[in-house]
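Colleague: What follows is a structure written as structure tokens; I'll ask about it next.
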Amino acid sequence: MTLTVGIIGAGRIGRLHVDNLKGLQQIRIKGVSDVAAKHLEPWAMEKRIEVFTTDYHELLNDPEIQAVFICSPTNTHAAIIKEAAEAGKHIFCEKPVSFSVEETEEALNAVKRAGVKLQVGFNRRFDPSFRKVSKLVQEGEIGLPHILRITSRDPQPPSADYIKDSGGLFMDMTIHDFDMARYVMGSEVVEVFAYGAVLVDSAIGEAGDIDTAVITMKFANGALGVIDNSRRAVYGYDQRLEIFGDKGSAQVNNNRATTVEISTNDHVKKEKPLHFFLERYSQAYMDEVTEFASACLENHEVSCNGFDGLQAERIARAAKRSLETRMPVSLKQAEQPGTHVIR
């Protein structure tokens with residue numbers, strides 16, 4: 001069986017998905033849409049894209065296309081999800097689903113009504129190390145979880161222009177960690193307390209955001225968690241995790257180009273962590289699209305669904321409110337009247 005797909009958005013992540021999907025025998029990429037199609041024509045020709053257009057509706061209206069990958073700017077995600085669902089397409093959407101919990105709820109309800117699949121691109125769930133830790137917790141290897149610590153630091157900050165449209169640190173960057181916290185702990189976050197600062201780049205503060213944060217979390221199972229974020233780690237992409245329980249602990253450390261460690265009279269040296277997310281999570285990106293294709297072709301549930309995306313956004317909203325109020329905020333306190341998603 002073959003799954004025929006369309007890619008909406010040919011930026012960095014859209015082009016990455018094209019490369020990965022090209023390596024899967026069960027996938028046929030029928031078309032790609034991007035508002036900068038003219039500029040990207042040489043790339044499309046090199047990749048032998050059959051249909052390349054500025055209008056994503058051409059992909060949604062194509063009866064051959066069974067699924068779409070939404071890799072366009074976040075402020076377009078919810079609307080495209082609703083249109084794709086109405087067109088009967090399965091959907092893979094990059095995170096976050098939207099900047100608004102209410103918009104996300106509306107999109108998920110459209111998916112539910114249409115009976116199509118929706119997978120959210122939290123690629124870190126598909127990393128072999130994080131997956132193993134999640135499995136160890138589920139199997140009781142470390143006993144009752146007590147404390148979760150997540151470190152997530154980028155090698156360099158994005159531009160101020162990017163920051164203005166990013167949705168803020170919690171929605172843009174920490175949202176991966178909020179999802180990872182739920183995934184590894186196997187329990188919902190019920191309360192957060194967020195501290196934030198501008199310590200890396202004053203332009204980020206001028207754009208209305210923070211670049212450094214520490215967030216504490218309470219989980220429904222009674223455990224506690226801490227996330228620390230920075231937009232700049234001079235030594236590379238810092239991605240670590242530890243979960244501690246009453247029977248032991250499990251850790252995930254940074255990936256490096258090699259495991260060689262040099263010890264001399266003067267120093268002990270090893271390689272820096274891999275540079276950034278494309279290198280660190282290359283296998284995870286491949287595995288997430290492989291699983292999505294399998295879910296569509298074999299008609300089974302996706303492993304990271306729209307509700308997972310919604311919950312991460314809810315935590316991000318509570319964290320933002322905590323930062324503003326300088327108080328702990330429960331997810332219930334952060335709720336606002338909305339349509340509420342159908343589960």
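Ordering of the structure tokens sets the chain letters (A, B, ...), residue numbers begin anew at 1 in every chain, and ligands are numbered from 1 in the order given.
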Hey, what's within 7 Å of segment 177-183 of chain A if we count only C-alpha atoms and toss same-chain stuff fewer than 2 positions away? As a ChimeraX atom specification, please?
Modeller: /A:125,134,174-175,185-189,312,315
Colleague: Given the selection you just returned, output its residues as a file containing C-alpha atoms, formatted as a PDB file, in the first residue's frame.
Modeller:
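The resulting file, again03.pdb, is reproduced below:
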ATOM      1  CA  ARG A 125       8.703  11.479  21.852  1.00  0.00           C
ATOM      2  CA  SER A 134       9.032   6.446  29.240  1.00  0.00           C
ATOM      3  CA  THR A 174       9.296  24.963  26.288  1.00  0.00           C
ATOM      4  CA  ILE A 175       6.210  23.387  24.741  1.00  0.00           C
ATOM      5  CA  MET A 185       5.775  10.904  33.718  1.00  0.00           C
ATOM      6  CA  GLY A 186       2.574   9.314  32.378  1.00  0.00           C
ATOM      7  CA  SER A 187       0.615  11.860  34.392  1.00  0.00           C
ATOM      8  CA  GLU A 188      -0.972  15.241  33.739  1.00  0.00           C
ATOM      9  CA  VAL A 189       0.574  18.504  34.904  1.00  0.00           C
ATOM     10  CA  ALA A 312       0.997  21.121  26.067  1.00  0.00           C
ATOM     11  CA  ILE A 315       0.510  24.096  30.290  1.00  0.00           C
TER      12      ILE A 315
END
Colleague: Skipping near chain neighbours, those fewer than 6 positions away, what residues fall within 8 Å of Phe69 of chain A using only C-alpha atoms, listed as a tab-separated table (two decimals) with N, CA and C atoms, in the first residue's frame?
Modeller:
chain	number	residue	atom	x	y	z
A	5	VAL	N	0.76	11.87	-0.24
A	5	VAL	CA	0.72	13.01	0.68
A	5	VAL	C	1.01	14.32	-0.04
A	6	GLY	N	0.60	15.40	0.62
A	6	GLY	CA	0.95	16.75	0.21
A	6	GLY	C	1.61	17.46	1.37
A	7	ILE	N	2.56	18.33	1.09
A	7	ILE	CA	3.28	19.08	2.12
A	7	ILE	C	2.88	20.54	2.00
A	8	ILE	N	2.37	21.11	3.07
A	8	ILE	CA	1.97	22.52	3.08
A	8	ILE	C	3.01	23.30	3.86
A	14	GLY	N	9.57	21.74	6.63
A	14	GLY	CA	8.87	21.13	5.50
A	14	GLY	C	9.82	20.40	4.57
A	91	ILE	N	-3.95	14.15	8.84
A	91	ILE	CA	-3.18	15.37	9.07
A	91	ILE	C	-2.00	15.11	10.00
A	92	PHE	N	-0.84	15.57	9.57
A	92	PHE	CA	0.33	15.67	10.44
A	92	PHE	C	0.60	17.16	10.58
A	93	CYS	N	0.59	17.69	11.79
A	93	CYS	CA	0.76	19.13	12.00
A	93	CYS	C	1.93	19.39	12.93
A	94	GLU	N	2.80	20.30	12.52
A	94	GLU	CA	3.90	20.71	13.38
A	94	GLU	C	3.36	21.43	14.62
Colleague: Find the residues of segment 273-320 of chain A that sit at most 8 Å from segment 249-257 of chain A; for each, write down the nearest two atoms and how far apart they are in Å, to one decimal. Count only C-alpha atoms. Sort by chain, then by number going up, and give it as a tab-separated table.
Modeller:
residue	atom	partner	partner_atom	distance
A:Pro273	CA	A:Arg256	CA	4.7
A:Leu274	CA	A:Arg256	CA	5.2
A:Arg280	CA	A:Asn255	CA	6.7
Colleague: Create the file for the chosen residues now, containing all heavy atoms and written as a PDB file, in the first residue's frame.
Modeller:
ATOM      1  N   PRO A 273      28.073  18.589  22.675  1.00  0.00           N
ATOM      2  CA  PRO A 273      26.817  18.000  22.200  1.00  0.00           C
ATOM      3  C   PRO A 273      26.591  18.341  20.730  1.00  0.00           C
ATOM      4  O   PRO A 273      27.124  19.334  20.222  1.00  0.00           O
ATOM      5  CB  PRO A 273      25.761  18.683  23.080  1.00  0.00           C
ATOM      6  CG  PRO A 273      26.500  19.140  24.289  1.00  0.00           C
ATOM      7  CD  PRO A 273      27.874  19.487  23.817  1.00  0.00           C
ATOM      8  N   LEU A 274      25.796  17.509  20.053  1.00  0.00           N
ATOM      9  CA  LEU A 274      25.458  17.790  18.655  1.00  0.00           C
ATOM     10  C   LEU A 274      24.892  19.196  18.533  1.00  0.00           C
ATOM     11  O   LEU A 274      24.230  19.699  19.444  1.00  0.00           O
ATOM     12  CB  LEU A 274      24.461  16.763  18.138  1.00  0.00           C
ATOM     13  CG  LEU A 274      24.988  15.331  18.059  1.00  0.00           C
ATOM     14  CD1 LEU A 274      23.888  14.395  17.584  1.00  0.00           C
ATOM     15  CD2 LEU A 274      26.189  15.236  17.138  1.00  0.00           C
ATOM     16  N   ARG A 280      20.469  16.479  16.404  1.00  0.00           N
ATOM     17  CA  ARG A 280      20.161  15.715  17.613  1.00  0.00           C
ATOM     18  C   ARG A 280      18.988  14.761  17.402  1.00  0.00           C
ATOM     19  O   ARG A 280      18.980  13.629  17.915  1.00  0.00           O
ATOM     20  CB  ARG A 280      19.849  16.693  18.761  1.00  0.00           C
ATOM     21  CG  ARG A 280      19.254  16.065  20.027  1.00  0.00           C
ATOM     22  CD  ARG A 280      20.225  15.096  20.672  1.00  0.00           C
ATOM     23  NE  ARG A 280      19.671  14.521  21.890  1.00  0.00           N
ATOM     24  CZ  ARG A 280      18.845  13.475  21.951  1.00  0.00           C
ATOM     25  NH1 ARG A 280      18.457  12.880  20.817  1.00  0.00           N
ATOM     26  NH2 ARG A 280      18.411  13.018  23.099  1.00  0.00           N
TER      27      ARG A 280
END
Colleague: Leaving out Ile215 of chain A and any residue of its chain fewer than 3 positions from it, which residues lie within 7 Å of it when counting only C-alpha atoms, given as a list in words?
Modeller: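 Residues meeting the cut-off are Val192, Phe193, Ala194, Tyr195, Val226, Ile227 and Asp228 of chain A.
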Colleague: Using only C-alpha atoms, which residues sit within 10 Å of Arg48 of chain A once same-chain residues fewer than 5 positions away are excluded, as a list in words?
Modeller: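 Residues near the query, excluding close chain neighbours: Ile29, Lys30, Gly31, Pro42 and Trp43 of chain A.
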Colleague: Please, which residues of segment 125-336 of chain A, numbered as in this document, come out helix (DSSP H, G or I) from DSSP, as a PyMOL selection string?
Modeller: chain A and resi 125-126+128-138+160-164+169-185+202-206+277-280+282-298+306-325+331-334
Colleague: Within 10 Å of segment 162-169 of chain A, which residues of segment 221-245 of chain A come that close, and what is the closest atom pair and distance in Å for each? Count only C-alpha atoms and give it as a tab-separated table.
Modeller:
residue	atom	partner	partner_atom	distance
A:Asn229	CA	A:Leu169	CA	8.8
A:Ser230	CA	A:Leu169	CA	9.4
A:Arg231	CA	A:Leu169	CA	8.8
Colleague: Quick one: distance from atom CA of Arg131 of chain A to atom CA of Pro155 of chain A in Å, one decimal?
Modeller: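 Value for the atom CA of Arg131 of chain A-atom CA of Pro155 of chain A distance: 23.8 Å.
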Colleague: For Val234 of chain A, which residue out of A:Phe126, A:Phe292, A:Phe219, A:Phe276 is the nearest one, using only C-alpha atoms?
Modeller: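 Ranked by minimum distance to Val234 of chain A, first place goes to A:Phe276.
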Colleague: Using only C-alpha atoms, determine which residues lie at most 9 Å from Ala114 of chain A, disregarding the query and same-chain residues fewer than 2 positions distant; provide the list as a list in words.
Modeller: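 Non-adjacent residues within range: Ala85, Glu86, Ala87, Gly88, Lys89, Asn109, Ala110, Val111, Lys112, Val116 and Lys117 of chain A.
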